[in-house]
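*Asks:* My structure is stored as protein.cif, with mmCIF, C-alpha atoms.
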```
data_upload
loop_
_atom_site.label_atom_id
_atom_site.label_comp_id
_atom_site.auth_asym_id
_atom_site.auth_seq_id
_atom_site.Cartn_x
_atom_site.Cartn_y
_atom_site.Cartn_z
CA ALA A 1 -0.86 -6.46 26.42
CA GLN A 2 -2.31 -5.16 23.20
CA SER A 3 -1.28 -7.21 20.19
CA VAL A 4 -2.38 -8.46 16.81
CA THR A 5 -1.53 -11.92 15.55
CA GLN A 6 -1.57 -13.46 12.12
CA PRO A 7 -0.86 -17.13 12.81
CA ASP A 8 -0.14 -18.12 9.22
CA ILE A 9 3.12 -16.88 7.72
CA HIS A 10 2.54 -18.39 4.30
CA ILE A 11 -0.51 -19.90 2.65
CA THR A 12 -0.76 -21.52 -0.77
CA VAL A 13 -4.09 -21.98 -2.47
CA SER A 14 -5.15 -23.12 -5.89
CA GLU A 15 -6.68 -20.61 -8.24
CA GLY A 16 -10.44 -20.71 -7.86
CA ALA A 17 -10.30 -22.12 -4.35
CA SER A 18 -11.61 -20.29 -1.33
CA LEU A 19 -9.36 -18.40 1.05
CA GLU A 20 -9.39 -17.51 4.70
CA LEU A 21 -6.62 -15.53 6.37
CA ARG A 22 -6.69 -15.39 10.13
CA CYS A 23 -6.24 -12.41 12.39
CA ASN A 24 -6.61 -12.28 16.15
CA TYR A 25 -6.11 -9.42 18.53
CA SER A 26 -5.62 -9.03 22.24
CA TYR A 27 -7.48 -6.09 23.75
CA GLY A 28 -10.09 -5.47 26.40
CA ALA A 29 -12.46 -3.62 24.12
CA THR A 30 -13.37 -3.63 20.44
CA PRO A 31 -10.63 -2.02 18.38
CA TYR A 32 -10.78 -0.62 14.89
CA LEU A 33 -9.78 -3.37 12.45
CA PHE A 34 -8.25 -3.23 8.99
CA TRP A 35 -6.94 -5.52 6.29
CA TYR A 36 -4.30 -4.30 3.85
CA VAL A 37 -2.67 -5.94 0.84
CA GLN A 38 0.85 -5.27 -0.36
CA SER A 39 2.35 -6.40 -3.64
CA PRO A 40 6.15 -6.77 -3.81
CA GLY A 41 7.89 -3.41 -3.67
CA GLN A 42 4.60 -1.56 -3.41
CA GLY A 43 2.76 0.39 -0.78
CA LEU A 44 -0.31 -0.71 1.10
CA GLN A 45 -3.81 -0.93 -0.27
CA LEU A 46 -6.76 -0.96 2.09
CA LEU A 47 -9.05 -3.92 1.45
CA LEU A 48 -11.63 -3.26 4.13
CA LYS A 49 -12.17 -1.96 7.63
CA TYR A 50 -14.42 -2.45 10.62
CA PHE A 51 -15.33 0.26 13.06
CA SER A 52 -18.76 -0.77 14.32
CA GLY A 53 -22.12 -2.11 13.18
CA ASP A 54 -22.56 -5.09 10.87
CA THR A 55 -19.87 -7.59 11.73
CA LEU A 56 -19.58 -8.86 8.15
CA VAL A 57 -17.69 -6.29 6.13
CA GLN A 58 -17.41 -6.21 2.38
CA GLY A 59 -14.27 -4.87 0.78
CA ILE A 60 -12.69 -4.38 -2.58
CA LYS A 61 -11.58 -7.12 -4.97
CA GLY A 62 -14.23 -9.52 -3.70
CA PHE A 63 -12.83 -9.76 -0.17
CA GLU A 64 -14.89 -9.82 2.99
CA ALA A 65 -14.06 -10.10 6.67
CA GLU A 66 -16.07 -11.04 9.70
CA PHE A 67 -15.55 -9.57 13.13
CA LYS A 68 -16.18 -12.07 15.92
CA ARG A 69 -16.02 -10.46 19.31
CA SER A 70 -16.16 -13.75 21.21
CA GLN A 71 -13.07 -14.97 19.38
CA SER A 72 -11.29 -11.60 19.13
CA SER A 73 -10.90 -12.34 15.45
CA PHE A 74 -11.22 -10.54 12.16
CA ASN A 75 -10.61 -13.16 9.48
CA LEU A 76 -10.36 -12.23 5.83
CA ARG A 77 -12.14 -14.38 3.25
CA LYS A 78 -12.54 -14.66 -0.47
CA PRO A 79 -14.72 -17.32 -2.11
CA SER A 80 -12.62 -17.76 -5.25
CA VAL A 81 -8.99 -16.72 -5.43
CA HIS A 82 -7.42 -15.31 -8.58
CA TRP A 83 -3.74 -15.52 -9.47
CA SER A 84 -3.51 -11.75 -9.10
CA ASP A 85 -4.37 -12.08 -5.41
CA ALA A 86 -0.89 -13.40 -4.68
CA ALA A 87 0.59 -10.82 -2.31
CA GLU A 88 1.30 -10.09 1.33
CA TYR A 89 -1.72 -9.46 3.53
CA PHE A 90 -1.58 -7.48 6.74
CA CYS A 91 -4.14 -7.25 9.48
CA ALA A 92 -3.89 -3.97 11.37
CA VAL A 93 -5.53 -2.63 14.49
CA VAL A 94 -6.09 0.73 16.11
CA PHE A 95 -6.65 -0.01 19.74
CA SER A 96 -7.92 3.36 20.86
CA GLY A 97 -8.31 6.98 20.00
CA ASN A 98 -5.48 8.54 18.11
CA THR A 99 -3.04 5.68 18.55
CA PRO A 100 -1.22 4.41 15.47
CA LEU A 101 -2.03 1.29 13.50
CA VAL A 102 -0.39 -1.82 14.84
CA PHE A 103 0.32 -4.40 12.18
CA GLY A 104 0.36 -8.15 12.32
CA LYS A 105 3.40 -9.90 10.89
CA GLY A 106 1.61 -10.55 7.64
CA THR A 107 0.56 -13.61 5.67
CA ARG A 108 2.08 -14.28 2.31
CA LEU A 109 -0.42 -15.71 -0.15
CA SER A 110 0.77 -17.82 -3.06
CA VAL A 111 -1.67 -18.90 -5.76
CA ILE A 112 -1.00 -21.97 -7.87
CA ALA A 113 -2.68 -23.09 -11.04
CA GLY B 1 -10.81 10.21 -1.31
CA ALA B 2 -7.81 10.83 0.87
CA VAL B 3 -4.51 10.76 -0.94
CA VAL B 4 -1.09 10.65 0.60
CA SER B 5 1.89 11.22 -1.63
CA GLN B 6 5.36 10.10 -0.65
CA HIS B 7 8.48 11.24 -2.44
CA PRO B 8 10.81 9.95 -3.66
CA SER B 9 9.61 6.44 -4.38
CA TRP B 10 13.17 5.20 -4.40
CA VAL B 11 16.56 6.67 -3.64
CA ILE B 12 20.13 5.46 -3.66
CA CYS B 13 22.65 7.38 -1.60
CA LYS B 14 26.22 7.06 -0.49
CA SER B 15 27.09 6.04 3.02
CA GLY B 16 27.49 9.08 5.25
CA THR B 17 25.09 11.32 3.37
CA SER B 18 21.63 12.39 4.44
CA VAL B 19 18.36 11.67 2.68
CA LYS B 20 15.04 13.44 3.06
CA ILE B 21 11.73 11.72 2.41
CA GLU B 22 8.56 13.76 2.07
CA CYS B 23 5.04 12.75 2.96
CA ARG B 24 2.19 14.97 1.81
CA SER B 25 -1.52 14.74 2.34
CA LEU B 26 -2.90 16.06 -0.92
CA ASP B 27 -6.56 16.62 -0.22
CA PHE B 28 -6.90 16.77 3.53
CA GLN B 29 -5.22 18.20 6.59
CA ALA B 30 -3.32 15.61 8.55
CA THR B 31 -3.06 16.40 12.20
CA THR B 32 -1.07 13.24 12.80
CA MET B 33 1.40 11.43 10.60
CA PHE B 34 3.15 8.16 11.22
CA TRP B 35 6.41 6.80 9.87
CA TYR B 36 6.96 3.09 9.45
CA ARG B 37 9.93 1.03 8.40
CA GLN B 38 9.67 -2.31 6.68
CA PHE B 39 12.49 -4.79 6.25
CA PRO B 40 12.28 -7.33 3.43
CA LYS B 41 9.62 -9.94 4.01
CA GLN B 42 8.69 -8.41 7.34
CA SER B 43 5.87 -6.36 8.72
CA LEU B 44 5.68 -2.63 9.19
CA MET B 45 7.32 -1.34 12.34
CA LEU B 46 6.25 2.02 13.68
CA MET B 47 9.16 4.41 13.97
CA ALA B 48 7.52 7.58 15.16
CA THR B 49 4.33 9.58 15.44
CA SER B 50 4.36 13.22 14.52
CA ASN B 51 1.78 15.85 15.28
CA GLU B 52 1.77 19.14 13.44
CA GLY B 53 3.72 21.78 15.25
CA SER B 54 5.16 19.55 17.93
CA LYS B 55 8.07 17.19 18.35
CA ALA B 56 7.72 13.67 17.09
CA THR B 57 7.26 10.80 19.49
CA TYR B 58 9.70 8.03 18.72
CA GLU B 59 9.22 4.37 19.40
CA GLN B 60 11.64 2.59 21.67
CA GLY B 61 14.86 1.73 19.91
CA VAL B 62 14.52 4.34 17.15
CA GLU B 63 17.33 6.89 17.17
CA LYS B 64 15.76 10.31 17.01
CA ASP B 65 19.05 11.94 16.06
CA LYS B 66 19.41 9.64 13.09
CA PHE B 67 15.82 9.76 11.92
CA LEU B 68 14.78 13.40 12.05
CA ILE B 69 11.08 14.00 11.66
CA ASN B 70 9.56 17.37 10.95
CA HIS B 71 5.83 18.04 10.70
CA ALA B 72 5.87 21.71 9.89
CA SER B 73 2.43 21.97 8.33
CA LEU B 74 -0.86 20.11 8.27
CA THR B 75 -0.04 18.63 4.89
CA LEU B 76 3.64 17.83 5.07
CA SER B 77 5.89 15.66 7.20
CA THR B 78 9.48 14.86 6.39
CA LEU B 79 11.78 12.09 7.50
CA THR B 80 15.50 12.76 7.18
CA VAL B 81 17.87 9.85 7.52
CA THR B 82 21.10 11.46 8.65
CA SER B 83 24.55 10.02 8.06
CA ALA B 84 23.02 7.04 6.34
CA HIS B 85 24.63 3.63 6.58
CA PRO B 86 23.91 0.45 4.63
CA GLU B 87 21.92 -0.93 7.57
CA ASP B 88 19.49 1.97 7.11
CA SER B 89 18.53 0.53 3.75
CA SER B 90 14.86 -0.29 3.98
CA PHE B 91 11.37 0.52 2.79
CA TYR B 92 9.97 3.56 4.57
CA ILE B 93 6.23 4.23 4.56
CA CYS B 94 4.32 7.19 5.91
CA SER B 95 0.67 7.43 6.80
CA ALA B 96 -1.55 10.35 7.63
CA ARG B 97 -4.62 10.57 9.77
CA LYS B 98 -7.48 12.93 9.08
CA GLY B 99 -8.59 14.54 12.32
CA ALA B 100 -9.85 12.15 14.96
CA LEU B 101 -10.68 9.34 12.57
CA ALA B 102 -9.04 6.03 13.31
CA GLU B 103 -8.29 5.33 9.67
CA ALA B 104 -4.93 6.38 8.33
CA PHE B 105 -4.01 6.73 4.69
CA PHE B 106 -0.71 5.46 3.38
CA GLY B 107 1.87 6.80 1.00
CA GLN B 108 3.40 4.61 -1.68
CA GLY B 109 6.57 4.06 0.28
CA THR B 110 10.22 4.93 -0.34
CA ARG B 111 12.85 2.33 -1.07
CA LEU B 112 16.13 3.60 0.41
CA THR B 113 19.36 1.92 -0.59
CA VAL B 114 22.59 3.09 1.03
CA VAL B 115 25.75 2.05 -0.77
#
```
Could I get this file's structure written as structure tokens?

*Replies:*
Amino acid sequence: AQSVTQPDIHITVSEGASLELRCNYSYGATPYLFWYVQSPGQGLQLLLKYFSGDTLVQGIKGFEAEFKRSQSSFNLRKPSVHWSDAAEYFCAVVFSGNTPLVFGKGTRLSVIA
Amino acid sequence: GAVVSQHPSWVICKSGTSVKIECRSLDFQATTMFWYRQFPKQSLMLMATSNEGSKATYEQGVEKDKFLINHASLTLSTLTVTSAHPEDSSFYICSARKGALAEAFFGQGTRLTVV
């Protein structure tokens, strides 16, 4: 079955520390992959996306993500977290064609001083 | 860029009334629009997919008579919550797709509170 999994419900990191949020998908081919961020009570902001080509994707706000086909993963990373990065992060996948985005359950990021 | 505007951003209504939420693609034609619902501290759950000029396709468990979706033009889709009840209170988000591209663009969301 097609699915997207974010194994970590909540992560706490210290300001300035590095961050990695995990995302795995289950699909027989390479899907289209996205990471979104949502602040409380707000809509979604696209951080980055992967369709094809270079497997290391740069996004906004200093985020990057690496697509690893062998692991069916698309993990989000940031080398140095800022307090303003505290939010909910969603991995999303389009499995094929004109099908809708399927969202992971999200990872809530807390940043401590 | 591709901008999707959702209106209103928040609404409070009385139980039993109906509420309409609009989703507009401002600078592109959206052949497909999607409506999601998000409960507090949860992920986005797809409610329905609407294609311009045709009936919406609802996900399993979504009452199509309660959540009426109209996609009358290539730039506008509406979601009407009919006979709203407190359990319909939620955050509703629309997204619009430009042609055959996989990427969809999201509105700001609508916070619906039914009292």

*Asks:* Counting all atoms listed in the file, which residues from chain B have an atom at most 12 Å from any atom of chain A, and could you show them as a PyMOL selection string?

*Replies:* chain B and resi 2-6+9-10+31-51+57-59+90-112

*Asks:* Apply the PyMOL selection byres ((chain A and resi 10-12) around 10) to the file shown and report the selected residues as a PDB file with C-alpha atoms, keeping the file's coordinate frame.

*Replies:*
```pdb
ATOM      1  CA  PRO A   7      -0.860 -17.130  12.810  1.00  0.00           C
ATOM      2  CA  ASP A   8      -0.140 -18.120   9.220  1.00  0.00           C
ATOM      3  CA  ILE A   9       3.120 -16.880   7.720  1.00  0.00           C
ATOM      4  CA  VAL A  13      -4.090 -21.980  -2.470  1.00  0.00           C
ATOM      5  CA  SER A  14      -5.150 -23.120  -5.890  1.00  0.00           C
ATOM      6  CA  GLU A  15      -6.680 -20.610  -8.240  1.00  0.00           C
ATOM      7  CA  LEU A  19      -9.360 -18.400   1.050  1.00  0.00           C
ATOM      8  CA  GLU A  20      -9.390 -17.510   4.700  1.00  0.00           C
ATOM      9  CA  LEU A  21      -6.620 -15.530   6.370  1.00  0.00           C
ATOM     10  CA  ALA A  86      -0.890 -13.400  -4.680  1.00  0.00           C
ATOM     11  CA  GLU A  88       1.300 -10.090   1.330  1.00  0.00           C
ATOM     12  CA  TYR A  89      -1.720  -9.460   3.530  1.00  0.00           C
ATOM     13  CA  GLY A 106       1.610 -10.550   7.640  1.00  0.00           C
ATOM     14  CA  THR A 107       0.560 -13.610   5.670  1.00  0.00           C
ATOM     15  CA  ARG A 108       2.080 -14.280   2.310  1.00  0.00           C
ATOM     16  CA  LEU A 109      -0.420 -15.710  -0.150  1.00  0.00           C
ATOM     17  CA  SER A 110       0.770 -17.820  -3.060  1.00  0.00           C
ATOM     18  CA  VAL A 111      -1.670 -18.900  -5.760  1.00  0.00           C
ATOM     19  CA  ILE A 112      -1.000 -21.970  -7.870  1.00  0.00           C
TER      20      ILE A 112
END
```

*Asks:* As a VMD selection string, please: the residues near Thr5 of chain A (cut-off 7 Å, all atoms listed in the file, same-chain neighbours under 6 positions excluded).

*Replies:* chain A and resid 23 to 25 104

*Asks:* Please measure the separation of atom CA of Ser25 of chain B and atom CA of Gly59 of chain A, giving the value in Å to one decimal.

*Replies:* 23.4 Å

*Asks:* Starting from the shown file, work through the PyMOL selection byres ((chain B and resi 21) around 8) and note down what comes out as JSON, numbers by chain.

*Replies:* {"B": [6, 7, 8, 19, 20, 22, 23, 78, 79, 80, 110]}

*Asks:* Find the distance between atom CA of Phe28 of chain B and atom CA of Thr75 of chain B and write it in Å to one decimal.

*Replies:*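 Going from atom CA of Phe28 of chain B over to atom CA of Thr75 of chain B, I get 7.2 Å.
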
*Asks:* Exactly which residues make up the result of the PyMOL selection byres ((chain B and resi 53) around 9) on this file, given as a ChimeraX atom specification?

*Replies:* /B:50-52,54-55,70-74

*Asks:* What separation in Å, quoted to one decimal, exists between atom CA of Thr82 of chain B and atom CA of Leu26 of chain B?

*Replies:*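 Rounded to one decimal, the two atoms are 26.2 Å apart.
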